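Here's model_1.tsv, which has TSV, C-alpha atoms:
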chain	number	residue	atom	x	y	z
A	282	MET	CA	8.04	-39.76	74.07
A	283	SER	CA	10.85	-37.38	74.68
A	284	GLY	CA	10.73	-33.63	74.11
A	285	ALA	CA	12.86	-33.83	70.98
A	286	GLU	CA	10.57	-36.41	69.39
A	287	ALA	CA	7.49	-34.30	70.21
A	288	ALA	CA	9.10	-31.22	68.64
A	289	GLY	CA	9.98	-33.26	65.54
A	290	GLU	CA	6.42	-34.49	65.20
A	291	GLU	CA	5.04	-30.95	65.58
A	292	ALA	CA	7.43	-29.69	62.90
A	293	GLY	CA	6.44	-32.58	60.64
A	294	ALA	CA	2.76	-31.84	61.22
A	295	ALA	CA	3.31	-28.19	60.32
A	296	LEU	CA	4.88	-29.18	56.99
A	297	GLU	CA	2.14	-31.63	56.08
A	298	VAL	CA	-0.27	-30.63	53.33
A	299	PRO	CA	-3.75	-32.02	53.83
A	300	GLY	CA	-4.31	-35.00	51.59
A	301	LEU	CA	-0.61	-35.69	50.91
A	302	ARG	CA	1.15	-38.67	52.38
A	303	PRO	CA	4.15	-37.66	54.51
A	304	LEU	CA	7.52	-38.85	53.35
A	305	THR	CA	9.22	-41.25	55.64
A	306	PRO	CA	12.92	-41.88	55.49
A	307	GLY	CA	13.67	-44.78	53.22
A	308	SER	CA	10.17	-44.95	51.75
A	309	ASN	CA	11.13	-43.99	48.17
A	310	ASP	CA	14.84	-43.26	48.37
A	311	ALA	CA	15.76	-45.29	45.28
A	312	SER	CA	14.14	-43.11	42.58
A	313	PRO	CA	11.97	-40.02	42.61
A	314	ASP	CA	9.67	-41.53	39.95
A	315	GLU	CA	9.21	-44.80	41.77
A	316	GLY	CA	5.74	-45.15	43.20
A	317	LEU	CA	4.52	-42.01	41.43
A	318	VAL	CA	1.24	-43.64	40.49
A	319	GLU	CA	0.76	-44.69	44.10
A	320	ASP	CA	1.49	-41.14	45.30
A	321	LEU	CA	-1.01	-39.68	42.84
A	322	CYS	CA	-3.71	-41.98	44.09
A	323	LEU	CA	-3.12	-40.90	47.66
A	324	VAL	CA	-3.59	-37.17	46.92
A	325	ASP	CA	-6.82	-35.81	48.33
A	326	GLU	CA	-9.07	-34.40	45.60
A	327	ARG	CA	-10.24	-31.63	47.91
A	328	ALA	CA	-6.66	-30.49	48.43
A	329	VAL	CA	-6.03	-30.51	44.68
A	330	GLU	CA	-9.22	-28.53	44.13
A	331	GLN	CA	-8.22	-25.99	46.81
A	332	LEU	CA	-4.72	-25.65	45.36
A	333	THR	CA	-6.16	-25.24	41.88
A	334	GLU	CA	-8.62	-22.58	43.05
A	335	GLY	CA	-5.84	-20.77	44.89
A	336	LEU	CA	-3.60	-20.85	41.85
A	337	ILE	CA	-6.42	-19.66	39.61
A	338	SER	CA	-7.44	-16.90	42.01
A	339	HIS	CA	-3.81	-15.77	42.20
A	340	TYR	CA	-3.13	-15.63	38.45
A	341	LEU	CA	-6.59	-15.08	36.95
A	342	PRO	CA	-6.83	-11.29	37.53
A	343	ASP	CA	-3.45	-10.71	35.90
A	344	LEU	CA	-4.39	-13.00	33.02
A	345	GLN	CA	-7.70	-11.17	32.55
A	346	GLN	CA	-5.90	-7.82	32.56
A	347	SER	CA	-3.41	-9.16	30.04
A	348	LYS	CA	-6.26	-10.48	27.90
A	349	GLN	CA	-8.00	-7.08	28.03
A	350	ALA	CA	-4.75	-5.31	27.15
A	351	LEU	CA	-4.21	-7.67	24.20
A	352	GLN	CA	-7.78	-7.07	22.99
A	353	GLU	CA	-7.23	-3.31	23.17
A	354	LEU	CA	-3.94	-3.66	21.31
A	355	THR	CA	-5.63	-5.79	18.66
A	356	GLN	CA	-8.40	-3.21	18.25
A	357	ASN	CA	-5.85	-0.39	18.06
A	358	GLN	CA	-3.87	-2.37	15.52
A	359	ALA	CA	-7.00	-2.84	13.40
A	360	VAL	CA	-7.70	0.90	13.57
A	361	LEU	CA	-4.10	1.64	12.59
A	362	LEU	CA	-4.31	-0.78	9.67
A	363	ASP	CA	-7.52	0.87	8.45
A	364	THR	CA	-5.92	4.30	8.77
A	365	LEU	CA	-2.84	3.08	6.93
A	366	GLU	CA	-4.98	1.69	4.10
A	367	GLN	CA	-6.78	5.03	3.84
A	368	GLU	CA	-3.46	6.88	3.70
A	369	ILE	CA	-2.20	4.50	1.02
A	370	SER	CA	-5.33	5.10	-1.05
A	371	LYS	CA	-4.91	8.88	-0.63
A	372	PHE	CA	-1.28	8.56	-1.73
A	373	LYS	CA	-2.34	6.56	-4.78
A	374	GLU	CA	-4.94	9.22	-5.59
A	375	CYS	CA	-2.26	11.92	-5.33
A	376	ASN	CA	-0.02	9.96	-7.66
A	377	SER	CA	-2.86	9.46	-10.12
A	378	ILE	CA	-3.64	13.19	-9.93
A	379	LEU	CA	0.03	13.92	-10.66
A	380	ASP	CA	-0.16	11.50	-13.59
A	381	ILE	CA	-3.31	13.26	-14.84
A	382	ASN	CA	-1.57	16.64	-14.47
A	383	THR	CA	1.38	15.32	-16.46
A	384	LEU	CA	-1.02	14.01	-19.08
A	385	PHE	CA	-2.73	17.41	-19.36
A	386	LEU	CA	0.65	19.17	-19.62
A	387	GLU	CA	1.62	16.82	-22.45
A	388	ALA	CA	-1.75	17.40	-24.14
A	389	LYS	CA	-1.24	21.18	-23.89
A	390	HIS	CA	2.28	20.85	-25.30
A	391	TYR	CA	1.08	18.80	-28.28
A	392	HIS	CA	-1.88	21.13	-28.80
A	393	ASN	CA	0.56	24.04	-29.04
A	394	LYS	CA	2.61	22.05	-31.55
A	395	LEU	CA	-0.51	21.40	-33.64
A	396	VAL	CA	-1.45	25.08	-33.53
A	397	ASN	CA	2.05	25.99	-34.74
A	398	ILE	CA	1.84	23.41	-37.52
A	399	ARG	CA	-1.55	24.80	-38.56
A	400	LYS	CA	-0.12	28.33	-38.68
A	401	GLU	CA	2.79	27.10	-40.80
A	402	MET	CA	0.37	25.29	-43.11
A	403	LEU	CA	-1.74	28.46	-43.50
A	404	THR	CA	1.40	30.46	-44.23
A	405	LEU	CA	2.52	27.87	-46.79
A	406	HIS	CA	-0.96	27.90	-48.34
A	407	GLU	CA	-0.87	31.69	-48.65
A	408	LYS	CA	2.59	31.57	-50.20
A	409	THR	CA	1.60	28.86	-52.68
A	410	SER	CA	-1.57	30.80	-53.55
A	411	LYS	CA	0.52	33.90	-54.20
A	412	LEU	CA	3.00	31.89	-56.23
A	413	LYS	CA	0.18	30.40	-58.30
A	414	ALA	CA	-1.30	33.83	-58.88
A	415	PHE	CA	2.14	35.20	-59.77
A	416	LYS	CA	2.75	32.27	-62.07
A	417	LYS	CA	-0.61	32.78	-63.79
A	418	GLU	CA	0.07	36.46	-64.13
A	419	ASN	CA	3.56	35.82	-65.33
A	420	LEU	CA	2.32	33.19	-67.76
A	421	TYR	CA	-0.38	35.54	-69.00
A	422	THR	CA	2.12	38.35	-69.52
A	423	SER	CA	4.59	36.00	-71.18
A	424	LEU	CA	1.85	34.73	-73.46
A	425	ILE	CA	0.87	38.28	-74.33
A	426	CYS	CA	4.50	39.09	-74.99
A	427	ASP	CA	4.82	35.98	-77.12
A	428	VAL	CA	1.69	36.88	-79.03
A	429	ASP	CA	2.95	40.39	-79.49
A	430	ARG	CA	6.30	39.10	-80.74
A	431	ILE	CA	4.63	36.72	-83.11
A	432	GLN	CA	2.41	39.48	-84.41
A	433	GLU	CA	5.39	41.74	-84.84
A	434	PHE	CA	7.28	39.00	-86.53
A	435	CYS	CA	4.35	38.44	-88.83
A	436	ARG	CA	4.17	42.15	-89.66
A	437	ILE	CA	7.83	42.33	-90.35
A	438	SER	CA	7.93	39.33	-92.49
Please go through the file and, once you have read it, give me the structure as structure tokens.
Amino acid sequence: MSGAEAAGEEAGAALEVPGLRPLTPGSNDASPDEGLVEDLCLVDERAVEQLTEGLISHYLPDLQQSKQALQELTQNQAVLLDTLEQEISKFKECNSILDINTLFLEAKHYHNKLVNIRKEMLTLHEKTSKLKAFKKENLYTSLICDVDRIQEFCRIS
């Protein structure tokens, strides 16, 4: 073996992944998918397991932190929704209180109107009572006058 061939083999050995078959020139040059099933069968399960564990150990802490952050956000969102519902109920109560205040103002207004109507009715009653008394008195005096006239007429005639 020459020095160049030995260096090439060392470089090839450095690039080899345990459990994977090294590519040889012309072995699968026609199509990248050709012989895929054969290549999968030649992969060492231990190497796949080690790669999987490495990948998991690399990304798992970040994923767990992200999961924890999402859980905190979800809890905060639930708290915010509860707070928002409480604020909405308080707002509805304020609106109902305003409606009740408006209702009481209207009731007071109509009560004042009824009091004024009652006063007017009492005034009208007093006036009609006075008119009736005046009419009776006037009728009585007119009857007396009529009687007096008749008596005078009878005396004269």
### Query
Any idea what the distance is between atom CA of A:Thr404 and atom CA of A:Leu386?
27.1 Å
Can you tell me, as AutoDock Vina command-line options, the centre and edge lengths (Å, one decimal) of the axis-aligned box enclosing all of stretch 432-435 of chain A's listed atoms after padding each side by 8 Å?
--center_x 4.8 --center_y 40.1 --center_z -86.6 --size_x 20.9 --size_y 19.3 --size_z 20.4
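The space separating atom CA of A:Lys394 from atom CA of A:Asn382 comes to 18.4 Å.
Pairwise distance (atom CA of A:Ser377, atom CA of A:Leu365) equals 18.2 Å.
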